[in-house]
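Listing of coords01.txt; format and content: compact mmCIF, C-alpha atoms and all ligand atoms.
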# COMPACT_ATOMS: atom_id res chain seq x y z
CA MET A 1 0.00 0.00 0.00
CA ARG A 2 1.40 3.37 -0.99
CA LYS A 3 1.08 6.20 1.53
CA SER A 4 0.25 9.41 -0.31
CA ILE A 5 2.31 12.52 0.17
CA ILE A 6 1.22 16.16 0.08
CA ILE A 7 3.92 18.77 -0.22
CA GLY A 8 3.44 22.52 0.05
CA ASN A 9 5.94 24.27 -2.19
CA TRP A 10 6.04 27.84 -0.91
CA LYS A 11 8.34 28.96 -3.75
CA LEU A 12 9.69 32.52 -3.32
CA ASN A 13 7.18 33.66 -0.70
CA GLY A 14 7.34 34.59 2.93
CA ASN A 15 9.18 36.40 5.67
CA GLN A 16 10.01 35.49 9.26
CA ASN A 17 6.56 36.34 10.61
CA MET A 18 4.75 34.61 7.80
CA VAL A 19 6.78 31.41 8.31
CA ASN A 20 6.00 31.38 12.04
CA GLU A 21 2.32 32.13 11.55
CA LEU A 22 1.69 29.80 8.64
CA ILE A 23 3.35 26.87 10.40
CA LEU A 24 1.50 27.63 13.63
CA LYS A 25 -1.82 27.67 11.77
CA ILE A 26 -1.05 24.51 9.80
CA ARG A 27 -0.19 22.77 13.07
CA GLN A 28 -3.42 23.98 14.65
CA GLU A 29 -5.30 22.44 11.74
CA LEU A 30 -3.39 19.16 11.48
CA ASP A 31 -1.54 18.25 14.68
CA GLN A 32 -4.59 16.98 16.54
CA ILE A 33 -6.05 14.82 13.77
CA ILE A 34 -4.92 11.59 12.22
CA VAL A 35 -3.98 12.26 8.61
CA SER A 36 -3.61 9.38 6.20
CA CYS A 37 -0.81 10.91 4.14
CA THR A 38 2.69 12.23 4.70
CA VAL A 39 2.63 16.03 5.02
CA VAL A 40 5.64 18.09 3.97
CA ILE A 41 6.31 21.81 3.57
CA ALA A 42 9.03 23.40 1.45
CA PRO A 43 9.67 26.97 2.64
CA PRO A 44 12.39 29.11 1.03
CA MET A 45 15.92 27.93 1.84
CA VAL A 46 16.68 30.85 4.16
CA TYR A 47 13.73 29.96 6.41
CA LEU A 48 14.23 26.20 6.57
CA GLU A 49 15.94 26.22 9.95
CA ARG A 50 13.30 28.51 11.43
CA ALA A 51 10.68 26.13 10.01
CA ALA A 52 12.51 23.15 11.53
CA HIS A 53 12.26 24.76 14.97
CA ALA A 54 8.61 25.66 14.47
CA LEU A 55 7.87 22.03 13.52
CA VAL A 56 9.40 20.39 16.61
CA GLY A 57 6.86 17.92 18.01
CA SER A 58 4.87 17.78 14.78
CA ASN A 59 4.69 15.01 12.16
CA ILE A 60 5.04 17.53 9.35
CA LEU A 61 8.33 17.09 7.49
CA LEU A 62 10.58 19.51 5.65
CA ALA A 63 11.61 19.73 2.01
CA ALA A 64 14.05 22.06 0.29
CA GLN A 65 13.15 23.64 -3.05
CA ASN A 66 16.60 23.20 -4.56
CA VAL A 67 20.16 22.03 -3.84
CA ASP A 68 23.62 22.13 -5.35
CA ILE A 69 25.50 19.07 -6.63
CA ASN A 70 28.69 19.95 -4.72
CA THR A 71 29.36 18.92 -1.16
CA ILE A 72 31.91 21.43 0.12
CA GLY A 73 34.29 24.13 -1.03
CA ALA A 74 34.44 27.19 -3.25
CA PHE A 75 30.88 27.28 -4.59
CA THR A 76 29.66 30.75 -3.67
CA GLY A 77 25.98 31.01 -2.95
CA GLU A 78 25.23 27.30 -2.96
CA THR A 79 23.73 24.88 -0.44
CA SER A 80 24.71 21.22 -0.17
CA VAL A 81 22.62 18.15 0.54
CA GLN A 82 24.67 17.61 3.70
CA MET A 83 23.76 21.07 5.00
CA LEU A 84 20.10 20.43 4.37
CA LYS A 85 20.30 17.03 6.04
CA ASP A 86 22.11 18.65 8.97
CA ILE A 87 19.12 20.91 9.72
CA GLY A 88 16.56 18.14 9.38
CA VAL A 89 15.40 18.33 5.75
CA LYS A 90 14.10 14.98 4.42
CA TYR A 91 13.05 15.75 0.82
CA ILE A 92 14.52 17.90 -1.94
CA ILE A 93 12.58 19.11 -4.96
CA ILE A 94 14.59 18.83 -8.16
CA GLY A 95 13.83 19.43 -11.81
CA HIS A 96 10.96 21.82 -11.13
CA SER A 97 9.87 23.42 -14.40
CA GLU A 98 10.61 26.88 -12.96
CA ARG A 99 14.22 25.83 -12.47
CA ARG A 100 14.40 24.05 -15.83
CA THR A 101 13.11 27.17 -17.59
CA LEU A 102 14.20 30.19 -15.56
CA HIS A 103 17.53 28.80 -14.36
CA LYS A 104 18.33 26.76 -17.45
CA GLU A 105 18.74 23.49 -15.54
CA ASN A 106 19.23 20.66 -18.00
CA ASP A 107 18.76 16.90 -17.70
CA ILE A 108 22.43 16.30 -16.88
CA LEU A 109 22.43 18.74 -13.97
CA ILE A 110 19.09 17.37 -12.74
CA ALA A 111 20.46 13.81 -12.84
CA LYS A 112 23.52 14.92 -10.84
CA LYS A 113 21.28 16.56 -8.25
CA PHE A 114 19.15 13.43 -8.13
CA ILE A 115 22.12 11.20 -7.33
CA ALA A 116 23.57 13.71 -4.83
CA VAL A 117 20.29 13.68 -2.91
CA LYS A 118 20.01 9.88 -2.96
CA GLU A 119 23.62 9.35 -1.94
CA MET A 120 22.97 11.26 1.29
CA GLY A 121 19.86 9.21 2.03
CA LEU A 122 17.40 12.02 1.36
CA ILE A 123 14.44 11.66 -0.98
CA PRO A 124 14.41 13.50 -4.31
CA ILE A 125 11.10 14.80 -5.58
CA LEU A 126 11.69 14.65 -9.30
CA CYS A 127 9.41 17.01 -11.23
CA ILE A 128 8.51 16.17 -14.80
CA GLY A 129 5.85 17.44 -17.17
CA GLU A 130 5.10 18.88 -20.58
CA THR A 131 4.53 22.45 -21.73
CA GLU A 132 1.31 23.65 -23.31
CA ALA A 133 2.89 23.52 -26.79
CA GLN A 134 4.12 19.96 -26.21
CA ARG A 135 0.69 18.89 -25.03
CA LYS A 136 -0.97 20.46 -28.06
CA SER A 137 1.42 18.71 -30.39
CA GLY A 138 0.55 15.39 -28.75
CA SER A 139 3.99 14.76 -27.27
CA THR A 140 3.11 14.61 -23.55
CA TYR A 141 4.04 10.94 -23.18
CA ILE A 142 7.26 11.32 -25.14
CA VAL A 143 8.34 14.30 -23.02
CA CYS A 144 7.60 12.55 -19.71
CA ALA A 145 9.34 9.35 -20.82
CA HIS A 146 12.35 11.35 -21.98
CA GLN A 147 12.62 13.19 -18.66
CA LEU A 148 12.58 9.87 -16.79
CA ASP A 149 14.93 8.15 -19.24
CA SER A 150 17.46 10.95 -19.15
CA ILE A 151 17.94 10.25 -15.44
CA LEU A 152 18.27 6.52 -16.10
CA LYS A 153 20.65 7.03 -18.98
CA ILE A 154 22.99 9.18 -16.94
CA LEU A 155 22.82 7.14 -13.76
CA GLY A 156 22.61 3.80 -15.53
CA THR A 157 21.04 1.68 -12.78
CA SER A 158 17.71 -0.01 -12.44
CA ASP A 159 17.06 0.67 -8.76
CA ILE A 160 17.26 4.44 -8.79
CA PHE A 161 13.50 4.75 -8.70
CA THR A 162 13.31 3.36 -5.16
CA ASP A 163 12.92 5.92 -2.36
CA VAL A 164 12.03 8.59 -4.86
CA VAL A 165 8.93 10.71 -5.39
CA ILE A 166 7.90 11.71 -8.90
CA ALA A 167 5.83 14.86 -9.27
CA TYR A 168 3.96 15.06 -12.54
CA GLU A 169 3.49 18.80 -13.03
CA PRO A 170 2.20 19.80 -16.46
CA VAL A 171 3.76 23.22 -17.02
CA TRP A 172 0.50 24.61 -18.42
CA ALA A 173 -1.25 23.85 -15.14
CA ILE A 174 1.28 25.51 -12.82
CA GLY A 175 -0.04 28.76 -11.36
CA THR A 176 -2.70 29.09 -14.04
CA GLY A 177 -5.78 27.91 -12.13
CA LYS A 178 -6.18 25.37 -14.95
CA SER A 179 -5.57 21.99 -13.33
CA ALA A 180 -5.37 18.80 -15.36
CA THR A 181 -8.62 16.87 -15.08
CA PRO A 182 -8.49 13.79 -12.83
CA LYS A 183 -8.70 11.60 -15.94
CA GLN A 184 -5.94 13.48 -17.79
CA ALA A 185 -3.68 13.26 -14.75
CA GLN A 186 -4.53 9.60 -14.06
CA ASP A 187 -3.69 8.64 -17.67
CA ILE A 188 -0.23 10.18 -17.44
CA HIS A 189 0.43 8.84 -13.94
CA LYS A 190 -0.42 5.36 -15.15
CA PHE A 191 1.87 5.84 -18.11
CA ILE A 192 4.70 6.97 -15.79
CA ARG A 193 4.20 3.93 -13.54
CA ASN A 194 4.15 1.56 -16.52
CA HIS A 195 7.23 3.20 -17.93
CA ILE A 196 9.15 2.71 -14.68
CA ALA A 197 7.90 -0.91 -14.56
CA GLN A 198 9.91 -1.62 -17.70
CA TYR A 199 13.01 -1.12 -15.59
CA ASN A 200 11.88 -2.22 -12.15
CA ILE A 201 8.42 -3.66 -11.48
CA LYS A 202 8.66 -3.48 -7.69
CA ALA A 203 9.83 0.14 -7.73
CA ALA A 204 6.98 1.01 -10.09
CA GLN A 205 4.41 -0.46 -7.73
CA GLU A 206 5.87 1.34 -4.74
CA ILE A 207 6.85 4.70 -6.18
CA LEU A 208 4.80 7.72 -5.17
CA ILE A 209 3.63 9.80 -8.12
CA GLN A 210 2.21 13.15 -7.07
CA TYR A 211 0.23 15.50 -9.22
CA GLY A 212 1.06 19.23 -9.23
CA GLY A 213 -0.50 22.19 -11.01
CA SER A 214 -3.34 24.37 -9.63
CA VAL A 215 -4.36 21.86 -6.97
CA ASN A 216 -6.84 23.46 -4.58
CA SER A 217 -9.31 22.45 -1.88
CA ILE A 218 -12.04 21.90 -4.47
CA ASN A 219 -10.30 19.73 -7.05
CA ALA A 220 -8.00 17.79 -4.69
CA ALA A 221 -10.38 15.04 -3.54
CA GLU A 222 -11.24 13.84 -7.04
CA LEU A 223 -7.60 13.88 -8.10
CA PHE A 224 -6.71 11.79 -5.05
CA MET A 225 -9.39 9.23 -5.90
CA GLN A 226 -7.46 8.21 -9.02
CA PRO A 227 -5.59 4.93 -8.51
CA ASP A 228 -2.19 6.20 -9.67
CA ILE A 229 -2.24 9.63 -8.02
CA ASP A 230 -0.41 9.50 -4.71
CA GLY A 231 -0.88 13.01 -3.40
CA ALA A 232 0.02 16.47 -4.61
CA LEU A 233 2.74 19.06 -4.94
CA VAL A 234 0.86 22.23 -4.08
CA GLY A 235 2.02 25.76 -4.85
CA ASN A 236 -0.30 28.74 -4.24
CA ALA A 237 -2.85 26.85 -2.22
CA SER A 238 -0.18 25.81 0.29
CA LEU A 239 0.27 29.43 1.39
CA LYS A 240 -3.05 29.43 3.21
CA ALA A 241 -3.20 27.13 6.22
CA ASP A 242 -6.92 26.36 6.00
CA THR A 243 -6.77 25.57 2.28
CA PHE A 244 -3.65 23.44 2.65
CA ALA A 245 -5.25 21.59 5.56
CA LEU A 246 -8.38 20.93 3.50
CA ILE A 247 -6.23 19.45 0.72
CA VAL A 248 -4.46 17.23 3.26
CA LYS A 249 -7.77 16.14 4.79
CA SER A 250 -9.18 15.22 1.39
CA CYS A 251 -6.40 12.68 0.88
CA LYS A 252 -7.66 9.20 1.66
P1 LIG A 301 0.45 25.88 -8.21
O1 LIG A 301 -0.21 24.95 -7.23
O2 LIG A 301 0.52 27.29 -7.71
O3 LIG A 301 -0.11 25.74 -9.57
O4 LIG A 301 2.00 25.43 -8.31
C1 LIG A 301 2.28 24.09 -8.55
C2 LIG A 301 3.72 23.90 -8.40
O5 LIG A 301 4.51 24.36 -9.17
C3 LIG A 301 4.18 23.15 -7.22
O6 LIG A 301 5.52 22.85 -7.30
Show how you would write the structure in this file as structure tokens.
Ligand code: 13P
Amino acid sequence: MRKSIIIGNWKLNGNQNMVNELILKIRQELDQIIVSCTVVIAPPMVYLERAAHALVGSNILLAAQNVDINTIGAFTGETSVQMLKDIGVKYIIIGHSERRTLHKENDILIAKKFIAVKEMGLIPILCIGETEAQRKSGSTYIVCAHQLDSILKILGTSDIFTDVVIAYEPVWAIGTGKSATPKQAQDIHKFIRNHIAQYNIKAAQEILIQYGGSVNSINAAELFMQPDIDGALVGNASLKADTFALIVKSCK
């Protein structure tokens, strides 16, 4: 049985007060109830340690939104997996479309980040997904398969999809209010699982595949009812405690 995972990706939002208040409110909503999924928040890097303190005594876990491939040394401005592990981070988002597009991260760099995260025993959340133009041209499946295969090709092993979360985030659905329909998302999630099964059947059965892209408290429940959707990577809607809590509560 897969345990779904809901992650709030706060992106470039927040300040010290907001971090304290949002975590306090999320805890008020979720600490006293039994939730059936893993709950994770990904505040901006600079607030991760503050968030770690604010989460003491809670089951909510921490993710980072990015990481460098290097471990130590002259890499000005970067953060290593070790540093994130040191302050209690468990998950690291990599390959987000905003980083692929705005920061020109390519498949090789993403694969290196993926292995750096796994080597330190943390869990990569690998984001994949097609653009609007790719969807319109009918190449969604090809794009998703390519993004998975490029990791496999570079890393060259068949067990790299264990202890990994995949986030299917169609680029056209991110921040647009235009979520994929449950059926659209389910079709691609099933395709992703089948694709991984070609390499490793057990990993394919166990891997968590989240959906991301305009998830909110209204569309979440139906998305989560789909057999191959194991939770969500939530952007905007994770910045409001009550909405985020509703999404978590709708995960069965
Ligand atoms: P939105 O939920 O704001 O569409 O963002 C999705 C996303 O990019 C999560 O990583």
Write out as a short mmCIF file (atom, residue, chain, number, x, y, z; two decimals) with C-alpha atoms, keeping the file's coordinate frame each polymer residue (protein, DNA or RNA) that has an atom no more than 7 Å from ligand LIG 301 (chain A), with only C-alpha atoms and all ligand atoms counted.
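So the final result, stored in result-v4.cif, reads:
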data_model
loop_
_atom_site.label_atom_id
_atom_site.label_comp_id
_atom_site.auth_asym_id
_atom_site.auth_seq_id
_atom_site.Cartn_x
_atom_site.Cartn_y
_atom_site.Cartn_z
CA ASN A 9 5.94 24.27 -2.19
CA HIS A 96 10.96 21.82 -11.13
CA GLU A 169 3.49 18.80 -13.03
CA ALA A 173 -1.25 23.85 -15.14
CA ILE A 174 1.28 25.51 -12.82
CA GLY A 175 -0.04 28.76 -11.36
CA THR A 176 -2.70 29.09 -14.04
CA GLY A 177 -5.78 27.91 -12.13
CA GLY A 212 1.06 19.23 -9.23
CA GLY A 213 -0.50 22.19 -11.01
CA SER A 214 -3.34 24.37 -9.63
CA VAL A 215 -4.36 21.86 -6.97
CA LEU A 233 2.74 19.06 -4.94
CA VAL A 234 0.86 22.23 -4.08
CA GLY A 235 2.02 25.76 -4.85
CA ASN A 236 -0.30 28.74 -4.24
CA ALA A 237 -2.85 26.85 -2.22
#
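Around range 132-143 of chain A, within 8 Å and counting only C-alpha atoms, the residues found are Pro170, Val171, Trp172, Ile188 and Phe191 of chain A, once anything fewer than 6 positions away on its own chain is removed.
Of the residues listed (A:Cys251, A:Ile229, A:Leu208, A:Cys144), A:Ile229 shows the shortest atom-to-atom separation from Gln186 in chain A; distances use all atoms listed in the file.
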Practice prompt. Grab the CA of Gln205 in chain A to CA of Ala42 in chain A distance for me, in Å with one decimal place.
Written response: 26.0 Å
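Going from CA of Val39 in chain A over to CA of Ala221 in chain A, you cover 15.6 Å.
Among A:Val56, A:Val165, A:Leu102, A:Met18, the residue with the shortest atom-to-atom distance to Gly88 in chain A, counting all atoms listed in the file, is A:Val56.
Of the residues listed (A:Thr157, A:Asn106, A:Asn66, A:Gln32), A:Asn66 shows the shortest atom-to-atom separation from Ile94 in chain A; distances use all atoms listed in the file.
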Worksheet item: Using all atoms listed in the file, which of A:Arg193, A:Lys252, A:Lys104, A:Lys85 sits nearest Ile6 in chain A?
Response: A:Lys252
Worksheet item: Using only C-alpha atoms, which residues sit within 12 Å of Gly57 in chain A once same-chain residues fewer than 2 positions away are excluded, as a list in words?
Response: Leu24, Arg27, Asp31, Gln32, Ala52, His53, Ala54, Leu55, Asn59, Ile60 and Leu61 of chain A
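Rounded to one decimal, CA of Ala167 in chain A and CA of Gln16 in chain A lie 28.0 Å from each other.
Among the candidate residues A:Tyr47, A:Phe224, A:Tyr211, A:Phe161, the one lying nearest to Ile7 in chain A is A:Tyr211, with distances computed using all atoms listed in the file.
When all atoms listed in the file are used to measure the gap to Asn20 in chain A, the shortest distance among A:Ile196, A:Leu48, A:Leu84, A:Val164 belongs to A:Leu48.
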Worksheet entry | Polymer residues at most 8 Å from range 118-122 of chain A, all atoms listed in the file, same-chain spacing of 6 or more positions, as a ChimeraX atom specification | /A:81-82,85,89-92
Rebuild range 60-86 of chain A to N, CA, C and O atoms - output it as a CSV table (one decimal), in the frame of the given file, please.
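So the final result, stored in out_6.csv, reads:
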chain,number,residue,atom,x,y,z
A,60,ILE,N,4.8,16.9,10.7
A,60,ILE,CA,5.0,17.5,9.4
A,60,ILE,C,6.5,17.6,9.1
A,60,ILE,O,7.3,17.9,9.9
A,61,LEU,N,6.9,17.2,7.8
A,61,LEU,CA,8.3,17.1,7.5
A,61,LEU,C,8.7,18.3,6.6
A,61,LEU,O,7.9,19.0,6.1
A,62,LEU,N,10.1,18.4,6.4
A,62,LEU,CA,10.6,19.5,5.6
A,62,LEU,C,11.2,19.1,4.3
A,62,LEU,O,11.9,18.1,4.2
A,63,ALA,N,10.9,19.9,3.3
A,63,ALA,CA,11.6,19.7,2.0
A,63,ALA,C,12.3,21.0,1.6
A,63,ALA,O,11.9,22.1,2.0
A,64,ALA,N,13.4,20.9,0.9
A,64,ALA,CA,14.0,22.1,0.3
A,64,ALA,C,13.6,22.2,-1.2
A,64,ALA,O,13.2,21.2,-1.8
A,65,GLN,N,13.6,23.4,-1.7
A,65,GLN,CA,13.2,23.6,-3.0
A,65,GLN,C,14.2,23.4,-4.1
A,65,GLN,O,14.0,23.5,-5.3
A,66,ASN,N,15.5,23.3,-3.6
A,66,ASN,CA,16.6,23.2,-4.6
A,66,ASN,C,17.8,22.8,-3.8
A,66,ASN,O,17.8,22.8,-2.6
A,67,VAL,N,18.9,22.4,-4.5
A,67,VAL,CA,20.2,22.0,-3.8
A,67,VAL,C,21.3,22.1,-4.9
A,67,VAL,O,21.0,22.1,-6.1
A,68,ASP,N,22.5,22.2,-4.4
A,68,ASP,CA,23.6,22.1,-5.4
A,68,ASP,C,24.1,20.7,-5.4
A,68,ASP,O,23.8,19.9,-4.6
A,69,ILE,N,24.9,20.4,-6.5
A,69,ILE,CA,25.5,19.1,-6.6
A,69,ILE,C,26.8,18.9,-5.8
A,69,ILE,O,27.2,17.8,-5.6
A,70,ASN,N,27.4,20.0,-5.4
A,70,ASN,CA,28.7,20.0,-4.7
A,70,ASN,C,28.5,19.8,-3.2
A,70,ASN,O,27.5,20.2,-2.7
A,71,THR,N,29.5,19.2,-2.6
A,71,THR,CA,29.4,18.9,-1.2
A,71,THR,C,30.0,20.0,-0.3
A,71,THR,O,29.5,20.3,0.8
A,72,ILE,N,31.2,20.5,-0.7
A,72,ILE,CA,31.9,21.4,0.1
A,72,ILE,C,32.9,22.2,-0.8
A,72,ILE,O,33.3,21.7,-1.8
A,73,GLY,N,33.2,23.4,-0.3
A,73,GLY,CA,34.3,24.1,-1.0
A,73,GLY,C,33.9,25.4,-1.6
A,73,GLY,O,32.9,26.1,-1.2
A,74,ALA,N,34.6,25.9,-2.7
A,74,ALA,CA,34.4,27.2,-3.2
A,74,ALA,C,33.3,27.2,-4.3
A,74,ALA,O,33.5,27.2,-5.5
A,75,PHE,N,32.1,27.2,-3.7
A,75,PHE,CA,30.9,27.3,-4.6
A,75,PHE,C,30.0,28.4,-4.0
A,75,PHE,O,28.9,28.1,-3.4
A,76,THR,N,30.3,29.6,-4.3
A,76,THR,CA,29.7,30.8,-3.7
A,76,THR,C,28.2,30.7,-3.9
A,76,THR,O,27.7,30.5,-5.0
A,77,GLY,N,27.4,30.9,-2.8
A,77,GLY,CA,26.0,31.0,-3.0
A,77,GLY,C,25.2,29.7,-2.9
A,77,GLY,O,24.0,29.7,-3.0
A,78,GLU,N,25.9,28.6,-2.8
A,78,GLU,CA,25.2,27.3,-3.0
A,78,GLU,C,25.0,26.6,-1.6
A,78,GLU,O,25.5,27.0,-0.6
A,79,THR,N,24.1,25.6,-1.6
A,79,THR,CA,23.7,24.9,-0.4
A,79,THR,C,23.9,23.4,-0.8
A,79,THR,O,23.4,23.0,-1.8
A,80,SER,N,24.5,22.6,0.1
A,80,SER,CA,24.7,21.2,-0.2
A,80,SER,C,23.6,20.3,0.4
A,80,SER,O,22.9,20.8,1.4
A,81,VAL,N,23.6,19.1,0.0
A,81,VAL,CA,22.6,18.2,0.5
A,81,VAL,C,23.0,17.9,2.0
A,81,VAL,O,22.1,17.8,2.9
A,82,GLN,N,24.3,17.8,2.3
A,82,GLN,CA,24.7,17.6,3.7
A,82,GLN,C,24.1,18.7,4.6
A,82,GLN,O,23.7,18.4,5.7
A,83,MET,N,24.2,19.9,4.2
A,83,MET,CA,23.8,21.1,5.0
A,83,MET,C,22.3,21.0,5.3
A,83,MET,O,21.8,21.2,6.4
A,84,LEU,N,21.5,20.6,4.2
A,84,LEU,CA,20.1,20.4,4.4
A,84,LEU,C,19.8,19.3,5.3
A,84,LEU,O,18.9,19.4,6.2
A,85,LYS,N,20.5,18.2,5.2
A,85,LYS,CA,20.3,17.0,6.0
A,85,LYS,C,20.6,17.4,7.5
A,85,LYS,O,19.9,17.1,8.4
A,86,ASP,N,21.7,18.2,7.6
A,86,ASP,CA,22.1,18.6,9.0
A,86,ASP,C,21.0,19.4,9.7
A,86,ASP,O,20.9,19.3,11.0
